[in-house]
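input-v1.cif follows; it contains mmCIF, C-alpha atoms.
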```cif
data_run
loop_
_atom_site.group_PDB
_atom_site.id
_atom_site.type_symbol
_atom_site.label_atom_id
_atom_site.label_comp_id
_atom_site.auth_asym_id
_atom_site.auth_seq_id
_atom_site.Cartn_x
_atom_site.Cartn_y
_atom_site.Cartn_z
ATOM 1 C CA MET A 10 0.000 0.000 0.000
ATOM 2 C CA GLU A 11 1.299 3.469 -0.916
ATOM 3 C CA ASP A 12 1.923 6.159 1.670
ATOM 4 C CA PHE A 13 -0.448 9.102 1.791
ATOM 5 C CA PHE A 14 0.513 12.746 1.812
ATOM 6 C CA LEU A 15 -1.334 16.049 1.512
ATOM 7 C CA ALA A 16 0.480 19.358 1.942
ATOM 8 C CA ALA A 17 -0.966 21.925 4.330
ATOM 9 C CA THR A 18 -2.869 24.959 3.069
ATOM 10 C CA ASN A 19 -4.159 28.024 4.964
ATOM 11 C CA SER A 20 -7.202 26.138 6.060
ATOM 12 C CA SER A 21 -6.334 22.459 5.778
ATOM 13 C CA PRO A 22 -3.748 20.398 7.645
ATOM 14 C CA GLU A 23 -0.762 18.478 6.392
ATOM 15 C CA VAL A 24 -1.784 14.834 6.345
ATOM 16 C CA GLN A 25 0.900 12.181 6.361
ATOM 17 C CA PHE A 26 0.322 8.436 6.632
ATOM 18 C CA SER A 27 3.150 5.967 6.467
ATOM 19 C CA TYR A 28 2.262 2.379 5.799
ATOM 20 C CA ALA A 29 5.730 1.086 6.649
ATOM 21 C CA THR A 30 5.993 2.722 10.089
ATOM 22 C CA HIS A 31 2.255 2.792 10.942
ATOM 23 C CA ARG A 32 2.494 6.466 11.807
ATOM 24 C CA LEU A 33 -0.288 8.830 10.877
ATOM 25 C CA SER A 34 -0.161 12.553 11.404
ATOM 26 C CA PHE A 35 -2.334 15.643 10.969
ATOM 27 C CA LYS A 36 -0.682 18.999 11.381
ATOM 28 C CA GLY A 37 -2.005 22.537 10.895
ATOM 29 C CA LYS A 38 -5.424 24.119 10.668
ATOM 30 C CA SER A 39 -8.708 22.625 9.602
ATOM 31 C CA TYR A 40 -11.434 25.117 8.781
ATOM 32 C CA LEU A 41 -12.466 24.413 5.234
ATOM 33 C CA GLU A 42 -15.964 25.194 4.086
ATOM 34 C CA ASN A 43 -16.267 21.811 2.335
ATOM 35 C CA THR A 44 -14.671 19.771 5.109
ATOM 36 C CA ALA A 45 -16.266 16.434 4.200
ATOM 37 C CA GLN A 46 -15.041 16.680 0.618
ATOM 38 C CA PHE A 47 -11.470 17.408 1.697
ATOM 39 C CA TYR A 48 -11.325 14.413 4.035
ATOM 40 C CA GLU A 49 -12.843 11.943 1.559
ATOM 41 C CA PRO A 50 -9.489 10.681 0.170
ATOM 42 C CA VAL A 51 -8.055 10.677 3.699
ATOM 43 C CA PHE A 52 -10.781 8.335 4.877
ATOM 44 C CA ALA A 53 -10.558 6.243 1.722
ATOM 45 C CA TRP A 54 -6.884 5.549 2.488
ATOM 46 C CA LEU A 55 -7.631 4.902 6.157
ATOM 47 C CA ASN A 56 -10.419 2.461 5.402
ATOM 48 C CA GLU A 57 -8.190 0.459 3.116
ATOM 49 C CA TYR A 58 -5.332 0.590 5.635
ATOM 50 C CA LEU A 59 -7.410 -0.407 8.643
ATOM 51 C CA ALA A 60 -9.002 -3.260 6.720
ATOM 52 C CA GLN A 61 -5.642 -4.970 6.299
ATOM 53 C CA VAL A 62 -3.584 -3.961 9.323
ATOM 54 C CA GLN A 63 -3.328 -6.424 12.185
ATOM 55 C CA GLY A 64 -1.141 -6.859 15.256
ATOM 56 C CA GLN A 65 0.566 -3.524 14.675
ATOM 57 C CA GLN A 66 1.459 -0.564 16.843
ATOM 58 C CA ILE A 67 -0.239 2.390 15.216
ATOM 59 C CA GLU A 68 0.698 5.891 16.289
ATOM 60 C CA VAL A 69 -1.489 8.851 15.395
ATOM 61 C CA ARG A 70 -0.415 12.429 16.088
ATOM 62 C CA LEU A 71 -2.760 15.376 15.707
ATOM 63 C CA SER A 72 -1.444 18.868 16.094
ATOM 64 C CA ILE A 73 -4.346 21.007 14.987
ATOM 65 C CA VAL A 74 -3.986 24.627 15.998
ATOM 66 C CA TYR A 75 -7.471 25.570 14.946
ATOM 67 C CA PHE A 76 -10.471 23.686 13.589
ATOM 68 C CA ASN A 77 -14.084 24.487 12.738
ATOM 69 C CA SER A 78 -17.178 22.631 13.857
ATOM 70 C CA SER A 79 -17.502 20.394 10.801
ATOM 71 C CA SER A 80 -13.921 19.232 11.396
ATOM 72 C CA PHE A 81 -14.945 18.167 14.899
ATOM 73 C CA LYS A 82 -17.270 15.652 13.318
ATOM 74 C CA VAL A 83 -14.501 14.429 11.020
ATOM 75 C CA PHE A 84 -12.146 13.855 13.953
ATOM 76 C CA MET A 85 -14.883 12.115 15.880
ATOM 77 C CA ASN A 86 -15.341 9.690 12.974
ATOM 78 C CA LEU A 87 -11.594 9.244 12.692
ATOM 79 C CA PHE A 88 -11.250 8.301 16.360
ATOM 80 C CA ASP A 89 -14.187 5.904 16.135
ATOM 81 C CA MET A 90 -12.502 4.105 13.255
ATOM 82 C CA LEU A 91 -9.204 3.924 15.118
ATOM 83 C CA ASP A 92 -10.965 2.721 18.243
ATOM 84 C CA ASP A 93 -12.514 -0.124 16.251
ATOM 85 C CA ALA A 94 -9.063 -0.985 14.888
ATOM 86 C CA ALA A 95 -7.857 -1.438 18.470
ATOM 87 C CA GLU A 96 -10.814 -3.563 19.579
ATOM 88 C CA ASN A 97 -10.008 -6.971 21.074
ATOM 89 C CA GLY A 98 -6.295 -6.267 20.855
ATOM 90 C CA LYS A 99 -6.422 -6.364 17.057
ATOM 91 C CA ASN A 100 -3.857 -3.557 17.009
ATOM 92 C CA SER A 101 -2.354 -1.257 19.589
ATOM 93 C CA VAL A 102 -3.406 2.285 18.734
ATOM 94 C CA THR A 103 -1.991 5.356 20.463
ATOM 95 C CA VAL A 104 -3.301 8.835 19.708
ATOM 96 C CA TYR A 105 -1.552 12.060 20.725
ATOM 97 C CA TRP A 106 -3.731 15.178 20.735
ATOM 98 C CA PHE A 107 -1.452 18.226 20.920
ATOM 99 C CA TYR A 108 -2.973 21.508 22.037
ATOM 100 C CA ASP A 109 -1.676 24.964 22.807
ATOM 101 C CA VAL A 110 -1.670 25.728 26.550
ATOM 102 C CA ASP A 111 -3.451 29.012 25.792
ATOM 103 C CA ASP A 112 -6.218 27.271 23.895
ATOM 104 C CA ASP A 113 -8.623 26.004 26.529
ATOM 105 C CA MET A 114 -11.211 24.972 23.933
ATOM 106 C CA SER A 115 -8.799 22.646 22.149
ATOM 107 C CA GLN A 116 -8.021 20.977 25.454
ATOM 108 C CA GLU A 117 -11.733 20.621 26.170
ATOM 109 C CA TYR A 118 -12.390 19.121 22.749
ATOM 110 C CA GLY A 119 -9.517 16.704 23.252
ATOM 111 C CA GLU A 120 -11.090 15.570 26.511
ATOM 112 C CA GLU A 121 -14.438 15.146 24.782
ATOM 113 C CA PHE A 122 -12.917 12.919 22.122
ATOM 114 C CA LYS A 123 -11.116 10.914 24.752
ATOM 115 C CA GLU A 124 -14.125 10.124 26.930
ATOM 116 C CA ASP A 125 -15.847 8.135 24.161
ATOM 117 C CA LEU A 126 -12.946 5.891 23.266
ATOM 118 C CA ARG A 127 -12.728 2.438 24.739
ATOM 119 C CA HIS A 128 -9.868 0.561 23.124
ATOM 120 C CA LEU A 129 -7.191 2.963 22.001
ATOM 121 C CA THR A 130 -4.865 5.015 24.194
ATOM 122 C CA PHE A 131 -5.492 8.746 23.975
ATOM 123 C CA HIS A 132 -2.946 11.240 25.290
ATOM 124 C CA LEU A 133 -3.554 14.973 25.625
ATOM 125 C CA VAL A 134 -0.307 16.851 25.293
ATOM 126 C CA ALA A 135 -0.032 20.545 26.198
ATOM 127 C CA GLU A 136 2.363 22.587 24.120
ATOM 128 C CA THR A 137 3.714 26.076 24.610
ATOM 129 C CA THR A 138 4.024 28.276 21.554
ATOM 130 C CA ALA A 139 6.936 30.687 21.525
ATOM 131 C CA MET B 19 -26.605 65.385 3.215
ATOM 132 C CA ASN B 20 -23.107 63.907 2.940
ATOM 133 C CA LYS B 21 -21.340 63.882 -0.415
ATOM 134 C CA THR B 22 -20.325 60.259 0.132
ATOM 135 C CA VAL B 23 -21.948 57.428 2.035
ATOM 136 C CA ILE B 24 -18.835 56.942 4.153
ATOM 137 C CA PRO B 25 -19.326 59.506 6.950
ATOM 138 C CA TYR B 26 -22.628 57.888 7.866
ATOM 139 C CA TYR B 27 -21.244 54.337 8.031
ATOM 140 C CA PHE B 28 -17.925 55.402 9.509
ATOM 141 C CA ARG B 29 -19.408 57.343 12.418
ATOM 142 C CA GLN B 30 -21.922 54.624 13.175
ATOM 143 C CA ALA B 31 -19.185 51.992 13.128
ATOM 144 C CA GLU B 32 -17.023 54.105 15.450
ATOM 145 C CA GLU B 33 -19.921 54.520 17.842
ATOM 146 C CA ASP B 34 -20.595 50.757 17.889
ATOM 147 C CA GLY B 35 -16.939 49.847 18.457
ATOM 148 C CA VAL B 36 -16.610 48.121 15.098
ATOM 149 C CA LEU B 37 -13.169 46.671 14.357
ATOM 150 C CA PHE B 38 -14.101 45.102 11.062
ATOM 151 C CA CYS B 39 -17.173 44.921 8.876
ATOM 152 C CA ALA B 40 -18.122 43.643 5.453
ATOM 153 C CA ARG B 41 -21.246 43.182 3.406
ATOM 154 C CA GLY B 42 -21.312 41.291 0.137
ATOM 155 C CA PRO B 43 -20.609 37.864 -1.317
ATOM 156 C CA MET B 44 -18.691 35.710 1.159
ATOM 157 C CA SER B 45 -16.223 32.984 0.265
ATOM 158 C CA GLN B 46 -13.745 30.668 1.922
ATOM 159 C CA GLU B 47 -10.961 32.739 0.319
ATOM 160 C CA ILE B 48 -12.191 35.847 2.138
ATOM 161 C CA ILE B 49 -12.071 34.045 5.490
ATOM 162 C CA GLU B 50 -8.531 32.852 4.840
ATOM 163 C CA MET B 51 -7.384 36.270 3.679
ATOM 164 C CA LEU B 52 -8.767 37.894 6.795
ATOM 165 C CA GLU B 53 -7.466 35.401 9.319
ATOM 166 C CA SER B 54 -4.197 37.092 10.257
ATOM 167 C CA VAL B 55 -5.577 40.623 9.926
ATOM 168 C CA LEU B 56 -8.522 39.879 12.142
ATOM 169 C CA ARG B 57 -6.512 38.028 14.741
ATOM 170 C CA SER B 58 -3.936 40.775 15.121
ATOM 171 C CA ARG B 59 -6.673 43.424 15.214
ATOM 172 C CA VAL B 60 -8.426 41.609 18.044
ATOM 173 C CA GLU B 61 -5.153 41.083 19.913
ATOM 174 C CA GLN B 62 -4.436 44.814 19.704
ATOM 175 C CA GLU B 63 -7.596 45.629 21.624
ATOM 176 C CA GLN B 64 -6.833 43.600 24.742
ATOM 177 C CA SER B 65 -6.743 39.953 24.607
ATOM 178 C CA ASP B 66 -5.345 36.656 25.552
ATOM 179 C CA GLY B 67 -4.705 34.052 22.888
ATOM 180 C CA SER B 68 -7.743 32.080 23.880
ATOM 181 C CA LYS B 69 -10.114 35.014 23.346
ATOM 182 C CA THR B 70 -8.577 35.832 19.969
ATOM 183 C CA LEU B 71 -9.097 32.255 18.866
ATOM 184 C CA ARG B 72 -12.708 32.312 20.024
ATOM 185 C CA VAL B 73 -13.452 35.498 18.116
ATOM 186 C CA PHE B 74 -11.884 34.087 14.962
ATOM 187 C CA SER B 75 -13.645 30.785 15.446
ATOM 188 C CA VAL B 76 -17.084 32.403 15.730
ATOM 189 C CA PHE B 77 -16.254 34.574 12.713
ATOM 190 C CA VAL B 78 -15.464 31.433 10.683
ATOM 191 C CA GLU B 79 -18.675 29.658 11.702
ATOM 192 C CA GLN B 80 -20.746 32.744 10.885
ATOM 193 C CA VAL B 81 -19.223 33.402 7.480
ATOM 194 C CA GLN B 82 -19.416 29.707 6.556
ATOM 195 C CA ASN B 83 -23.102 29.804 7.486
ATOM 196 C CA ILE B 84 -23.597 32.761 5.160
ATOM 197 C CA ILE B 85 -21.777 30.887 2.371
ATOM 198 C CA ARG B 86 -23.974 27.833 2.883
ATOM 199 C CA TYR B 87 -27.367 29.182 3.834
ATOM 200 C CA SER B 88 -27.908 32.714 2.566
ATOM 201 C CA GLU B 89 -30.822 32.894 0.139
ATOM 202 C CA GLU B 90 -29.139 35.801 -1.621
ATOM 203 C CA ARG B 91 -26.589 34.190 -3.928
ATOM 204 C CA VAL B 92 -24.191 35.179 -6.685
ATOM 205 C CA HIS B 93 -22.100 33.062 -9.033
ATOM 206 C CA ALA B 94 -18.552 32.457 -7.866
ATOM 207 C CA PRO B 95 -16.049 34.174 -10.189
ATOM 208 C CA THR B 96 -14.150 30.933 -10.691
ATOM 209 C CA GLY B 97 -17.282 29.181 -11.846
ATOM 210 C CA HIS B 98 -17.201 26.859 -8.847
ATOM 211 C CA GLY B 99 -20.696 27.007 -7.456
ATOM 212 C CA GLU B 100 -22.181 30.006 -5.729
ATOM 213 C CA LEU B 101 -21.384 32.450 -2.968
ATOM 214 C CA GLY B 102 -23.796 33.540 -0.274
ATOM 215 C CA VAL B 103 -24.325 37.243 0.318
ATOM 216 C CA GLY B 104 -24.403 38.500 3.866
ATOM 217 C CA MET B 105 -22.940 40.877 6.388
ATOM 218 C CA VAL B 106 -20.474 40.313 9.184
ATOM 219 C CA VAL B 107 -19.341 42.748 11.865
ATOM 220 C CA VAL B 108 -16.652 42.242 14.511
ATOM 221 C CA GLY B 109 -16.449 44.763 17.323
ATOM 222 C CA HIS B 110 -15.157 45.552 20.770
ATOM 223 C CA ARG B 111 -17.314 47.270 23.347
ATOM 224 C CA GLN B 112 -16.683 47.755 27.050
ATOM 225 C CA ASP B 113 -15.027 44.536 28.095
ATOM 226 C CA HIS B 114 -16.198 42.175 25.424
ATOM 227 C CA PHE B 115 -15.950 41.367 21.757
ATOM 228 C CA PHE B 116 -18.962 40.772 19.590
ATOM 229 C CA VAL B 117 -19.235 38.971 16.270
ATOM 230 C CA SER B 118 -22.447 39.559 14.408
ATOM 231 C CA CYS B 119 -23.698 38.304 11.076
ATOM 232 C CA GLY B 120 -26.830 38.514 9.009
ATOM 233 C CA ASN B 121 -28.263 37.189 5.784
ATOM 234 C CA LEU B 122 -31.576 36.648 4.066
ATOM 235 C CA ILE B 123 -33.372 33.366 4.607
ATOM 236 C CA LYS B 124 -36.667 31.980 3.298
ATOM 237 C CA THR B 125 -39.395 33.071 5.683
ATOM 238 C CA SER B 126 -40.643 29.472 5.631
ATOM 239 C CA ASN B 127 -37.366 28.379 7.243
ATOM 240 C CA ARG B 128 -37.755 30.745 10.159
ATOM 241 C CA PRO B 129 -39.798 28.597 12.589
ATOM 242 C CA HIS B 130 -37.380 25.688 12.360
ATOM 243 C CA LEU B 131 -34.315 27.890 12.831
ATOM 244 C CA GLU B 132 -35.935 29.863 15.629
ATOM 245 C CA ARG B 133 -36.764 26.680 17.558
ATOM 246 C CA GLN B 134 -33.222 25.444 17.135
ATOM 247 C CA LEU B 135 -31.799 28.719 18.459
ATOM 248 C CA GLN B 136 -34.204 28.853 21.392
ATOM 249 C CA THR B 137 -33.228 25.329 22.359
ATOM 250 C CA ILE B 138 -29.544 26.223 22.274
ATOM 251 C CA GLN B 139 -30.136 29.457 24.174
ATOM 252 C CA GLY B 140 -31.844 27.571 26.967
ATOM 253 C CA MET B 141 -28.911 25.242 27.519
ATOM 254 C CA ASN B 142 -26.156 25.487 30.088
ATOM 255 C CA ARG B 143 -22.532 24.643 29.322
ATOM 256 C CA GLU B 144 -22.860 20.940 30.057
ATOM 257 C CA GLU B 145 -26.033 20.596 28.015
ATOM 258 C CA LEU B 146 -24.401 22.412 25.091
ATOM 259 C CA ARG B 147 -21.455 20.072 25.304
ATOM 260 C CA ALA B 148 -23.726 17.011 25.235
ATOM 261 C CA HIS B 149 -25.899 18.441 22.459
ATOM 262 C CA PHE B 150 -22.826 19.245 20.354
ATOM 263 C CA LYS B 151 -21.548 15.726 20.648
ATOM 264 C CA GLU B 152 -24.891 14.117 19.994
ATOM 265 C CA ARG B 153 -25.317 16.201 16.849
ATOM 266 C CA GLY B 154 -21.762 15.346 15.811
ATOM 267 C CA ARG B 155 -22.651 11.677 16.036
ATOM 268 C CA SER B 156 -26.092 11.752 14.486
ATOM 269 C CA GLY B 157 -25.129 13.703 11.387
ATOM 270 C CA PRO B 158 -26.610 16.845 9.884
ATOM 271 C CA LEU B 159 -30.277 17.746 10.020
ATOM 272 C CA PRO B 160 -32.230 17.679 6.762
ATOM 273 C CA GLY B 161 -31.475 20.863 4.833
ATOM 274 C CA SER B 162 -28.160 21.365 6.593
ATOM 275 C CA ARG B 163 -25.129 21.519 4.347
ATOM 276 C CA GLY B 164 -22.500 21.484 7.052
ATOM 277 C CA ALA B 165 -22.363 19.220 10.051
ATOM 278 C CA GLY B 166 -25.159 21.214 11.736
ATOM 279 C CA LEU B 167 -22.796 22.060 14.552
ATOM 280 C CA GLY B 168 -22.013 25.693 13.797
ATOM 281 C CA LEU B 169 -24.723 27.294 15.920
ATOM 282 C CA ILE B 170 -23.974 25.089 18.915
ATOM 283 C CA GLU B 171 -20.276 25.797 18.502
ATOM 284 C CA MET B 172 -20.940 29.544 18.562
ATOM 285 C CA ALA B 173 -22.949 29.184 21.734
ATOM 286 C CA ARG B 174 -20.182 27.159 23.337
ATOM 287 C CA LYS B 175 -17.576 29.776 22.563
ATOM 288 C CA SER B 176 -19.652 32.734 23.725
ATOM 289 C CA SER B 177 -20.693 34.156 27.049
ATOM 290 C CA ASP B 178 -24.038 35.144 25.548
ATOM 291 C CA PHE B 179 -25.748 35.490 22.196
ATOM 292 C CA SER B 180 -28.901 36.962 20.727
ATOM 293 C CA PHE B 181 -30.683 36.596 17.417
ATOM 294 C CA ASP B 182 -33.248 38.469 15.399
ATOM 295 C CA PHE B 183 -35.662 37.838 12.549
ATOM 296 C CA SER B 184 -36.696 40.924 10.651
ATOM 297 C CA ASP B 185 -39.302 40.925 7.851
ATOM 298 C CA TRP B 186 -37.779 41.656 4.453
ATOM 299 C CA ASP B 187 -40.346 41.009 1.724
ATOM 300 C CA ASP B 188 -43.120 38.532 0.928
ATOM 301 C CA PHE B 189 -40.774 35.547 0.924
ATOM 302 C CA LEU B 190 -37.615 36.550 2.714
ATOM 303 C CA THR B 191 -36.590 37.363 6.274
ATOM 304 C CA LEU B 192 -33.377 39.001 7.447
ATOM 305 C CA PHE B 193 -31.861 36.636 9.988
ATOM 306 C CA SER B 194 -29.100 37.904 12.260
ATOM 307 C CA ILE B 195 -27.176 36.643 15.226
ATOM 308 C CA GLN B 196 -24.845 38.418 17.655
ATOM 309 C CA VAL B 197 -22.343 36.483 19.704
ATOM 310 C CA ILE B 198 -20.621 37.967 22.756
ATOM 311 C CA ILE B 199 -17.108 36.782 23.610
#
```
Represent the structure of the file as structure tokens.
Amino acid sequence: MEDFFLAATNSSPEVQFSYATHRLSFKGKSYLENTAQFYEPVFAWLNEYLAQVQGQQIEVRLSIVYFNSSSFKVFMNLFDMLDDAAENGKNSVTVYWFYDVDDDMSQEYGEEFKEDLRHLTFHLVAETTA
Amino acid sequence: MNKTVIPYYFRQAEEDGVLFCARGPMSQEIIEMLESVLRSRVEQEQSDGSKTLRVFSVFVEQVQNIIRYSEERVHAPTGHGELGVGMVVVGHRQDHFFVSCGNLIKTSNRPHLERQLQTIQGMNREELRAHFKERGRSGPLPGSRGAGLGLIEMARKSSDFSFDFSDWDDFLTLFSIQVII
């Protein structure tokens, strides 16, 4: 399976998935008007990946400095999929949610994602911007 | 009578504490262009990073609502679909910021929207949080082009908000919302 990469824009994050290392990352902002459309290929890759991966240690890093409400739904779906991939020890999935210490809402949203997840490990990581 | 329209708008804007205002077709490009300008303008007034982010966040949700739901529409110059026409005002008064937007809606859509807003207005922080999540899970309402979360998100990021429906013509109503941060 090929790796997946999308470069960041003003309003969409850099998306980088590596099949060889089982590392997935989202970095930047996410406030597109047509959020669902943007994430379609991202989810297409993920679906294919998660259908075949087994017994792996998957690491997912999200460093999203700002996101709009429709992106919240996208991330919720993403975490649900990853949680399923970790069910019954199928894989070990670790998610890191990075947030700026000054951004109390991002921390709150991270906590909201976390409380619904049963199988994966979800870490909230505070970061200080210079 | 003024020789230009500006003195009238300018004085009124000054009086209302307006930091930024625009009326016309709204697009994603406009939001992106304004991001840094708006954020530094808000920071200049008095602000911590968290408040600046909230103001920008509410601005984004409001303008994206105009793009999606305004009944007044023009063709996008690039030929990609349509843009919604509306108005957005960001201001600073006393100790708070406000972000206000308005656009025309079908009068027939008013009752549904009004009920939705009343429900949100009656909720406390915890209820908003639960409602937001539930809506995130259940998917958009019929007729909603986004995730249907924008209004709840605005309420979550505000200390208070108000809305207004003002008759426009036989079919249209001017819908506006003002969010206090």
Reference answer for the PyMOL selection byres ((chain A and resi 106-121) around 9), as a PyMOL selection string | (chain A and resi 69-76+81+104-105+122-125+131-138) or (chain B and resi 66-69+71-72+147+151+175)
Keeping C-alpha atoms for every residue in the selection just given, could you write it to a file as a short mmCIF file (atom, residue, chain, number, x, y, z; two decimals), keeping the file's coordinate frame?
```cif
data_model
loop_
_atom_site.label_atom_id
_atom_site.label_comp_id
_atom_site.auth_asym_id
_atom_site.auth_seq_id
_atom_site.Cartn_x
_atom_site.Cartn_y
_atom_site.Cartn_z
CA VAL A 69 -1.49 8.85 15.40
CA ARG A 70 -0.42 12.43 16.09
CA LEU A 71 -2.76 15.38 15.71
CA SER A 72 -1.44 18.87 16.09
CA ILE A 73 -4.35 21.01 14.99
CA VAL A 74 -3.99 24.63 16.00
CA TYR A 75 -7.47 25.57 14.95
CA PHE A 76 -10.47 23.69 13.59
CA PHE A 81 -14.94 18.17 14.90
CA VAL A 104 -3.30 8.84 19.71
CA TYR A 105 -1.55 12.06 20.72
CA PHE A 122 -12.92 12.92 22.12
CA LYS A 123 -11.12 10.91 24.75
CA GLU A 124 -14.12 10.12 26.93
CA ASP A 125 -15.85 8.14 24.16
CA PHE A 131 -5.49 8.75 23.98
CA HIS A 132 -2.95 11.24 25.29
CA LEU A 133 -3.55 14.97 25.62
CA VAL A 134 -0.31 16.85 25.29
CA ALA A 135 -0.03 20.54 26.20
CA GLU A 136 2.36 22.59 24.12
CA THR A 137 3.71 26.08 24.61
CA THR A 138 4.02 28.28 21.55
CA ASP B 66 -5.34 36.66 25.55
CA GLY B 67 -4.70 34.05 22.89
CA SER B 68 -7.74 32.08 23.88
CA LYS B 69 -10.11 35.01 23.35
CA LEU B 71 -9.10 32.26 18.87
CA ARG B 72 -12.71 32.31 20.02
CA ARG B 147 -21.46 20.07 25.30
CA LYS B 151 -21.55 15.73 20.65
CA LYS B 175 -17.58 29.78 22.56
#
```
Sorted by chain and rising residue number, which residues of chain B lie within 8 Å of chain A, and what are their closest atom pairs and distances in Å to one decimal, counting only C-alpha atoms, as JSON lines?
```
{"residue": "B:Gln46", "atom": "CA", "partner": "A:Glu42", "partner_atom": "CA", "distance": 6.3}
{"residue": "B:Glu50", "atom": "CA", "partner": "A:Asn19", "partner_atom": "CA", "distance": 6.5}
{"residue": "B:Asp66", "atom": "CA", "partner": "A:Asp111", "partner_atom": "CA", "distance": 7.9}
{"residue": "B:Gly67", "atom": "CA", "partner": "A:Asp111", "partner_atom": "CA", "distance": 6.0}
{"residue": "B:Ser68", "atom": "CA", "partner": "A:Asp112", "partner_atom": "CA", "distance": 5.0}
{"residue": "B:Leu71", "atom": "CA", "partner": "A:Asp112", "partner_atom": "CA", "distance": 7.6}
{"residue": "B:Ser75", "atom": "CA", "partner": "A:Asn77", "partner_atom": "CA", "distance": 6.9}
{"residue": "B:Val78", "atom": "CA", "partner": "A:Asn77", "partner_atom": "CA", "distance": 7.4}
{"residue": "B:Glu79", "atom": "CA", "partner": "A:Asn77", "partner_atom": "CA", "distance": 7.0}
{"residue": "B:Gln82", "atom": "CA", "partner": "A:Glu42", "partner_atom": "CA", "distance": 6.2}
{"residue": "B:Gly154", "atom": "CA", "partner": "A:Lys82", "partner_atom": "CA", "distance": 5.1}
{"residue": "B:Arg155", "atom": "CA", "partner": "A:Lys82", "partner_atom": "CA", "distance": 7.2}
{"residue": "B:Gly164", "atom": "CA", "partner": "A:Ser79", "partner_atom": "CA", "distance": 6.3}
{"residue": "B:Ala165", "atom": "CA", "partner": "A:Ser79", "partner_atom": "CA", "distance": 5.1}
{"residue": "B:Gly166", "atom": "CA", "partner": "A:Ser79", "partner_atom": "CA", "distance": 7.8}
{"residue": "B:Leu167", "atom": "CA", "partner": "A:Ser78", "partner_atom": "CA", "distance": 5.7}
{"residue": "B:Gly168", "atom": "CA", "partner": "A:Ser78", "partner_atom": "CA", "distance": 5.7}
{"residue": "B:Glu171", "atom": "CA", "partner": "A:Ser78", "partner_atom": "CA", "distance": 6.4}
```
What do you get, as a list in words, if you spell out every residue that the PyMOL selection byres ((chain A and resi 58-63) around 9) selects here?
->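 Checking the PyMOL selection byres ((chain A and resi 58-63) around 9) against this file, the residues are Met10, Tyr28, Ala53, Trp54, Leu55, Asn56, Glu57, Gly64, Gln65, Gln66, Met90, Leu91, Ala94, Lys99 and Asn100 of chain A.
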In Å, rounded to a single decimal, give me how far CA of Val197 (chain B) is from CA of Met141 (chain B).
->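 One can read the CA of Met141 (chain B) to CA of Val197 (chain B) distance as 15.2 Å.
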Neighbours of point (-9.1, 3.7, 20.3) within 6 Å, using only C-alpha atoms, written as a list in words =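 Residues satisfying the cut-off, written out: Leu91, Asp92, Ala95, Leu126, Arg127, His128, Leu129 and Thr130 of chain A.
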How would you write, as JSON, numbers by chain, the residues chosen by the PyMOL selection byres ((chain B and resi 60) around 12) on this structure?
-> {"B": [35, 36, 37, 38, 52, 53, 54, 55, 56, 57, 58, 59, 61, 62, 63, 64, 65, 66, 67, 68, 69, 70, 71, 72, 73, 74, 77, 108, 109, 110, 111, 114, 115, 116, 117, 199]}
Quick one: pull the distance between CA of Glu132 (chain B) and CA of Leu192 (chain B), Å, one decimal.
->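 Taking CA of Glu132 (chain B) and CA of Leu192 (chain B), their separation equals 12.5 Å.
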